[in-house]
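Visitor: Just so it is clear, I am handing over protein_11.cif, which has mmCIF, C-alpha atoms.
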data_start
loop_
_atom_site.label_atom_id
_atom_site.label_comp_id
_atom_site.auth_asym_id
_atom_site.auth_seq_id
_atom_site.Cartn_x
_atom_site.Cartn_y
_atom_site.Cartn_z
CA MET A 27 130.95 101.61 112.22
CA SER A 28 130.17 102.08 108.53
CA LEU A 29 126.66 101.02 107.54
CA ASN A 30 126.64 97.94 105.36
CA ALA A 31 124.09 97.99 102.55
CA ASN A 32 122.79 94.53 103.58
CA THR A 33 122.89 94.75 107.40
CA ARG A 34 119.55 94.73 109.21
CA VAL A 35 118.86 95.32 112.89
CA PHE A 36 115.51 94.14 114.24
CA GLY A 37 113.38 95.34 117.14
CA TRP A 38 113.97 99.10 117.13
CA LYS A 39 111.11 99.81 119.51
CA SER A 40 112.86 97.71 122.17
CA ILE A 41 116.31 99.13 121.36
CA LEU A 42 115.07 102.70 121.77
CA ALA A 43 113.14 101.80 124.95
CA GLU A 44 116.35 100.34 126.42
CA TRP A 45 118.14 103.61 125.62
CA ASN A 46 115.33 105.46 127.37
CA THR A 47 115.88 103.69 130.69
CA GLY A 48 118.28 106.40 131.90
CA ASN A 49 121.66 105.35 130.54
CA ILE A 50 123.37 108.23 128.69
CA ALA A 51 125.45 105.91 126.49
CA PRO A 52 123.28 104.81 123.55
CA PRO A 53 123.08 101.14 122.52
CA HIS A 54 125.46 100.06 119.77
CA PRO A 55 122.85 100.16 116.94
CA VAL A 56 121.82 103.70 117.96
CA GLU A 57 125.46 104.83 118.10
CA THR A 58 126.09 103.34 114.66
CA VAL A 59 123.25 105.33 113.10
CA LEU A 60 124.23 108.57 114.87
CA GLN A 61 127.89 108.31 113.86
CA ASN A 62 127.03 107.64 110.22
CA LEU A 63 124.42 110.40 110.25
CA SER A 64 126.96 112.91 111.56
CA ARG A 65 129.52 112.28 108.82
CA ARG A 66 130.01 114.94 106.21
CA GLN A 67 129.91 112.19 103.56
CA SER A 68 127.05 110.14 104.93
CA PRO A 69 125.93 106.79 103.45
CA PRO A 70 123.03 106.57 100.98
CA ALA A 71 119.59 106.74 102.55
CA SER A 72 118.87 103.14 101.55
CA HIS A 73 121.73 101.94 103.81
CA PHE A 74 120.08 103.60 106.81
CA PHE A 75 116.64 102.25 105.93
CA THR A 76 117.96 98.70 105.52
CA TYR A 77 119.84 98.95 108.84
CA LEU A 78 116.61 100.20 110.48
CA ASN A 79 114.79 97.25 108.86
CA GLU A 80 112.26 99.86 107.64
CA GLU A 81 110.56 99.52 111.04
CA ASN A 82 108.18 102.39 111.75
CA GLU A 83 109.62 103.13 115.21
CA GLY A 84 113.18 103.23 113.85
CA LEU A 85 112.20 105.47 110.95
CA LEU A 86 110.40 107.93 113.26
CA TRP A 87 113.45 108.14 115.52
CA PHE A 88 115.74 108.56 112.49
CA ILE A 89 113.64 111.48 111.19
CA TYR A 90 113.72 113.06 114.66
CA GLU A 91 117.52 112.81 114.80
CA CYS A 92 117.87 114.33 111.32
CA ILE A 93 116.41 117.49 112.86
CA ALA A 94 117.08 117.48 116.60
CA SER A 95 120.79 116.60 116.41
CA SER A 96 121.68 118.61 113.31
CA TRP A 97 123.18 121.43 115.39
CA MET A 98 126.16 119.11 116.09
CA TRP A 99 126.89 118.35 112.43
CA GLU A 100 127.56 121.81 110.98
CA SER A 101 125.58 120.73 107.95
CA GLY A 102 121.97 121.53 108.83
CA HIS A 103 118.99 119.21 108.63
CA ARG A 104 119.39 116.11 106.47
CA LEU A 105 116.35 116.95 104.39
CA HIS A 106 117.10 114.44 101.62
CA TYR A 107 116.98 111.63 104.21
CA ILE A 108 113.72 112.93 105.68
CA GLN A 109 112.12 113.21 102.25
CA GLN A 110 112.86 109.58 101.42
CA ALA A 111 111.96 108.30 104.90
CA LEU A 112 108.48 109.82 104.62
CA ASP A 113 107.68 107.35 101.85
CA LEU A 114 108.30 104.48 104.27
CA VAL A 115 106.58 105.54 107.50
CA GLU A 116 103.12 104.15 108.15
CA SER A 117 101.43 107.53 108.59
CA LEU A 118 102.24 111.22 109.03
CA GLU A 119 99.98 111.01 112.07
CA SER A 120 102.22 108.41 113.75
CA THR A 121 103.40 109.27 117.26
CA PHE A 122 107.02 108.77 118.29
CA PRO A 123 108.28 105.78 120.29
CA ALA A 124 110.05 106.30 123.63
CA PHE A 125 113.71 107.38 123.48
CA PRO A 126 115.71 110.17 125.19
CA GLY A 127 114.12 113.50 124.23
CA SER A 128 111.28 111.87 122.31
CA PRO A 129 108.10 113.89 121.73
CA VAL A 130 106.28 110.61 122.54
CA ASN A 131 102.56 111.48 122.52
CA THR A 132 102.93 115.30 122.42
CA HIS A 133 103.70 115.41 118.70
CA THR A 134 102.67 113.52 115.63
CA LEU A 135 105.29 113.20 112.91
CA ARG A 136 103.48 115.83 110.88
CA SER A 137 103.24 118.37 113.72
CA PHE A 138 106.89 117.80 114.69
CA LEU A 139 108.06 118.49 111.14
CA THR A 140 105.76 121.49 110.80
CA ALA A 141 107.02 122.96 114.09
CA ASN A 142 110.72 122.50 113.33
CA LEU A 143 111.12 123.14 109.59
CA THR A 144 110.72 126.32 107.59
CA GLU A 145 108.21 126.66 104.79
CA ASP A 146 110.97 126.17 102.20
CA GLN A 147 112.20 123.05 103.99
CA LEU A 148 108.67 121.62 104.16
CA THR A 149 108.35 122.26 100.42
CA TYR A 150 111.64 120.44 99.82
CA ILE A 151 110.49 117.30 101.63
CA GLN A 152 107.12 117.58 99.84
CA LEU A 153 105.11 117.41 103.05
CA MET A 154 101.44 117.52 102.13
CA PRO A 155 99.40 119.88 104.32
CA ALA A 156 96.70 118.28 106.43
CA LEU A 157 93.20 118.61 105.07
CA VAL A 158 91.78 119.03 108.57
CA PRO A 159 92.58 121.83 111.06
CA MET A 160 95.55 120.88 113.20
CA HIS A 161 97.18 122.58 116.18
CA VAL A 162 100.93 123.06 115.67
CA PRO A 163 102.81 123.14 119.00
CA ALA A 164 105.89 125.28 119.50
CA ALA A 165 109.22 123.99 118.20
CA LEU A 166 110.85 121.33 120.35
CA PRO A 167 114.06 121.92 122.27
CA VAL A 168 117.10 119.93 121.17
CA ARG A 169 117.19 116.43 122.66
CA ALA A 170 118.45 116.71 126.23
CA ALA A 171 120.40 113.44 126.12
CA ALA A 172 122.43 114.53 123.09
CA THR A 173 123.34 117.89 124.58
CA ALA A 174 124.19 116.35 127.94
CA ALA A 175 126.47 113.84 126.24
CA ALA A 176 128.20 116.75 124.48
CA GLY A 177 128.64 118.65 127.77
CA VAL A 178 126.15 121.39 126.86
CA PRO A 179 123.71 122.44 129.63
CA VAL A 180 120.07 122.37 128.58
CA PRO A 181 117.32 124.43 130.29
CA GLU A 182 114.26 122.58 131.49
CA ALA A 183 111.76 122.24 128.67
CA GLU A 184 108.44 124.06 128.82
CA PRO A 185 105.41 121.72 128.82
CA LEU A 186 103.92 121.38 125.37
CA PRO A 187 100.23 122.11 124.74
CA ALA A 188 97.90 119.16 124.31
CA PRO A 189 97.60 117.97 120.70
CA GLU A 190 94.40 118.13 118.70
CA PRO A 191 92.47 114.85 118.19
CA LYS A 192 94.26 112.48 115.87
CA THR A 193 93.15 111.78 112.33
CA LYS A 194 93.39 108.54 110.44
CA ASN A 195 94.12 107.64 106.85
CA ALA A 196 91.29 107.22 104.40
CA THR A 197 91.53 103.66 103.10
CA ILE A 198 90.21 101.32 100.42
CA HIS A 199 89.40 97.80 101.59
CA PHE A 200 88.78 94.58 99.68
CA HIS A 201 87.61 91.77 101.99
CA ILE A 202 88.00 88.42 100.24
CA LEU A 203 85.61 86.05 102.01
CA ARG A 204 86.21 82.32 102.16
CA ASP A 205 82.61 81.80 103.31
CA LEU A 206 79.99 83.77 105.20
CA LYS A 207 80.83 82.17 108.57
CA SER A 208 84.63 82.27 108.45
CA ASN A 209 86.72 84.76 110.42
CA HIS A 210 89.72 84.13 108.19
CA ASP A 211 89.06 86.53 105.31
CA ASP A 212 91.95 87.92 103.32
CA ILE A 213 91.99 91.71 103.54
CA ILE A 214 93.49 94.12 101.02
CA THR A 215 94.05 97.66 102.29
CA ILE A 216 95.09 100.56 100.03
CA ARG A 217 96.20 103.80 101.67
CA LYS A 218 97.09 107.14 100.15
CA LEU A 219 100.41 108.31 101.61
CA ARG A 220 100.84 111.51 99.60
CA ASP A 221 100.24 112.75 96.03
CA ASP A 222 100.20 109.67 93.74
CA THR A 223 101.93 107.58 96.39
CA TYR A 224 100.12 104.64 97.96
CA SER A 225 100.67 101.55 100.08
CA TYR A 226 99.11 98.17 99.30
CA THR A 227 98.74 95.67 102.16
CA LEU A 228 97.53 92.06 101.97
CA LYS A 229 96.62 90.48 105.29
CA ASP A 230 96.31 86.73 104.82
CA LYS A 231 94.24 85.35 107.69
CA THR A 232 94.21 81.57 107.79
CA SER A 233 93.39 79.10 110.54
CA THR A 234 97.07 78.69 111.42
CA ASN A 235 98.70 82.08 110.93
CA ASP A 236 98.34 85.76 110.14
CA SER A 237 100.74 87.06 107.49
CA VAL A 238 100.93 90.69 106.42
CA ASN A 239 102.66 91.87 103.26
CA THR A 240 102.90 95.61 102.58
CA GLN A 241 104.25 97.38 99.51
CA LYS A 242 104.87 101.12 99.87
CA GLY A 243 105.71 103.96 97.52
CA LEU A 244 103.45 102.67 94.73
CA ASP A 245 101.87 104.94 92.13
CA ARG A 246 98.26 104.53 90.99
CA ASP A 247 99.17 102.39 87.94
CA GLN A 248 101.11 99.96 90.14
CA VAL A 249 98.20 99.71 92.59
CA ILE A 250 95.71 98.97 89.81
CA SER A 251 98.12 96.43 88.29
CA ILE A 252 98.43 94.52 91.59
CA LEU A 253 94.69 94.68 92.14
CA ARG A 254 94.00 93.44 88.60
CA THR A 255 96.34 90.48 89.07
CA THR A 256 94.75 89.64 92.44
CA LEU A 257 91.18 89.59 91.11
CA ASN A 258 92.27 87.57 88.07
CA MET A 259 93.82 85.00 90.42
CA LEU A 260 90.51 84.71 92.28
CA ILE A 261 88.77 83.79 89.03
CA LEU A 262 91.37 81.09 88.31
CA ASP A 263 91.32 79.55 91.81
CA ASP A 264 90.25 75.87 91.83
CA GLU A 265 88.92 76.27 95.37
CA PRO A 266 87.25 79.64 94.96
CA TYR A 267 86.56 82.16 97.64
CA TYR A 268 82.90 82.91 98.30
CA ALA A 269 82.72 86.67 97.68
CA VAL A 270 84.55 89.99 97.66
CA GLN A 271 83.35 92.95 99.73
CA VAL A 272 84.54 96.32 98.39
CA ILE A 273 84.69 99.32 100.74
CA LEU A 274 85.63 102.70 99.23
CA PRO A 275 85.68 106.13 100.94
CA THR A 276 82.49 108.11 100.09
CA PHE A 277 80.92 105.05 98.35
CA PRO A 278 78.54 102.46 99.83
CA SER A 279 80.13 99.07 100.33
CA VAL A 280 79.21 96.32 97.85
CA MET A 281 79.38 92.52 98.06
CA LEU A 282 80.14 90.55 94.90
CA LYS A 283 80.23 86.78 94.58
CA VAL A 284 83.44 85.57 92.99
CA GLU A 285 81.60 84.01 90.03
CA SER A 286 80.12 87.47 89.33
CA LEU A 287 83.56 89.05 88.84
CA THR A 288 83.36 89.18 85.06
CA ALA A 289 85.78 91.31 83.05
CA GLU A 290 83.18 94.08 82.86
CA VAL A 291 82.55 94.03 86.61
CA ARG A 292 86.28 94.06 87.35
CA ASP A 293 86.75 97.04 85.01
CA ARG A 294 84.03 98.92 86.89
CA LEU A 295 85.82 98.20 90.16
CA TYR A 296 89.09 99.57 88.74
CA ASP A 297 87.21 102.68 87.56
CA ALA A 298 85.77 103.18 91.06
CA VAL A 299 89.21 102.80 92.66
CA GLU A 300 90.73 105.28 90.19
CA MET A 301 87.88 107.72 90.79
CA THR A 302 88.60 107.48 94.51
CA MET A 303 92.28 108.18 93.85
CA ASP A 304 91.35 111.29 91.84
CA SER A 305 89.23 112.80 94.63
CA TRP A 306 90.58 111.03 97.68
CA PRO A 307 91.21 113.16 100.77
CA THR A 308 94.60 112.46 102.30
CA TYR A 309 93.03 112.15 105.74
CA LEU A 310 89.58 111.70 107.23
CA VAL A 311 88.57 112.65 110.76
#
Represent the structure from my file as structure tokens, please.
Guide:
Amino acid sequence: MSLNANTRVFGWKSILAEWNTGNIAPPHPVETVLQNLSRRQSPPASHFFTYLNEENEGLLWFIYECIASSWMWESGHRLHYIQQALDLVESLESTFPAFPGSPVNTHTLRSFLTANLTEDQLTYIQLMPALVPMHVPAALPVRAAATAAAGVPVPEAEPLPAPEPKTKNATIHFHILRDLKSNHDDIITIRKLRDDTYSYTLKDKTSTNDSVNTQKGLDRDQVISILRTTLNMLILDDEPYYAVQVILPTFPSVMLKVESLTAEVRDRLYDAVEMTMDSWPTYLV
């Protein structure tokens, strides 16, 4: 069951939900990941991420297993996998999908990592501390399904305390309006994931389809470069959009007609985005 560098499995939320129906034997894709994860010479992280199709639910489960099942591997937590997976998950405040032993809604990814890793381990994976007060529940017991499959009795878990209210990412938005009456604007969303690491998402809303393209793990120069190319393309368009609405954290939103996007105006927008990156909180309440 070696992981192939080009093999992708789709629909991890459904695969994990099927595993959660009560059957002890995991589905074949789950077993493949667990067997490769348990090997002393495990595959490169990119092989796992490709196999998981970089789906958020699969990545969250993978991070959980890197910690919760490590007692069976005699090699400790797979911190190098966790570190790289954090660049791909949608948010540190994501909650886990359903699977045997899942924290589900009792833990966010951040609180799970904080509860189960030491300070040195958190430093290794470069987990940024939250900028808002967060309650950290007690460390989770090892996944019951894994221990049962190994023939190890597991005591009944204590109920976990209720989590604090969730936070959400601060974001930059560029709404590219086709006209004032249309509901099919293109939307650019820029999120800060961690220090000098961002995601850039373009949601193309047309009358016939919704397409979403996300690039993750970008640094600030790459974000500005993509944004510069996008605004330049708007100027060159033979069937121009009507206007661009710019929404930045801690700044009032502005609306600019496309014909007003001169080189000087575009430079000021890049300056405002970079200023936001310099002082941007990781999370807002």
Visitor: Give the answer as one residue: which of A:Gly37, A:Pro129, A:Gly84, A:Pro53 has the shortest atom-to-atom distance to Ala141 in chain A, using only C-alpha atoms?
Guide: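 That would be A:Pro129, the residue with the smallest distance to Ala141 in chain A.
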Visitor: Which residues are near Ala43 in chain A? Cut-off 10 Å, all atoms listed in the file, ignore same chain within fewer than 6 positions. Put them as an NGL selection string.
Guide: :A and (123-126)
Visitor: Figure out the distance between CA of Thr149 in chain A and CA of Ser72 in chain A, please, to one decimal in Å.
Guide: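 If I compute the distance from CA of Ser72 in chain A to CA of Thr149 in chain A, I get 21.9 Å.
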Visitor: Under the rule that all atoms listed in the file are counted, which of A:Leu219, A:Val130, A:Leu63, A:Met259 is the nearest residue to Arg104 in chain A?
Guide: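 Counting all atoms listed in the file, the residue closest to Arg104 in chain A is A:Leu63.
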Visitor: Can you work out the spacing between CA of Ile216 in chain A and CA of Ile198 in chain A in Å, to one decimal?
Guide: 5.0 Å
Visitor: For a quick check of understanding, using all atoms listed in the file, which of A:Ala71, A:Leu139, A:Leu85, A:Val249 has the smallest distance to Ala31 in chain A?
Guide: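 Nearest to Ala31 in chain A: A:Ala71.
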Visitor: Could you state the separation of CA of Leu287 in chain A and CA of Ile261 in chain A in Å, given to one decimal place?
Guide: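 Value for the CA of Leu287 in chain A-CA of Ile261 in chain A distance: 7.4 Å.
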Visitor: Applied to this file, what does the PyMOL selection byres ((chain A and resi 244) around 6) return in terms of residues, put as a ChimeraX atom specification?
Guide: /A:223-224,242-243,245,248
Visitor: Using all atoms listed in the file, find the one residue out of A:Thr288, A:Asn62, A:Gln109, A:Thr134 that sits nearest to Ile151 in chain A.
Guide: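 Going through A:Thr288, A:Asn62, A:Gln109, A:Thr134 one by one, the smallest distance to Ile151 in chain A is for A:Gln109.
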Visitor: Mind listing as a list of chain:residue names all residues within 7 Å of (101.4, 96.8, 99.7), counting all atoms listed in the file?
Guide: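 Looking at atoms near the point gives A:Ser225, A:Tyr226, A:Thr227, A:Leu228, A:Asn239, A:Thr240, A:Gln241, A:Lys242.
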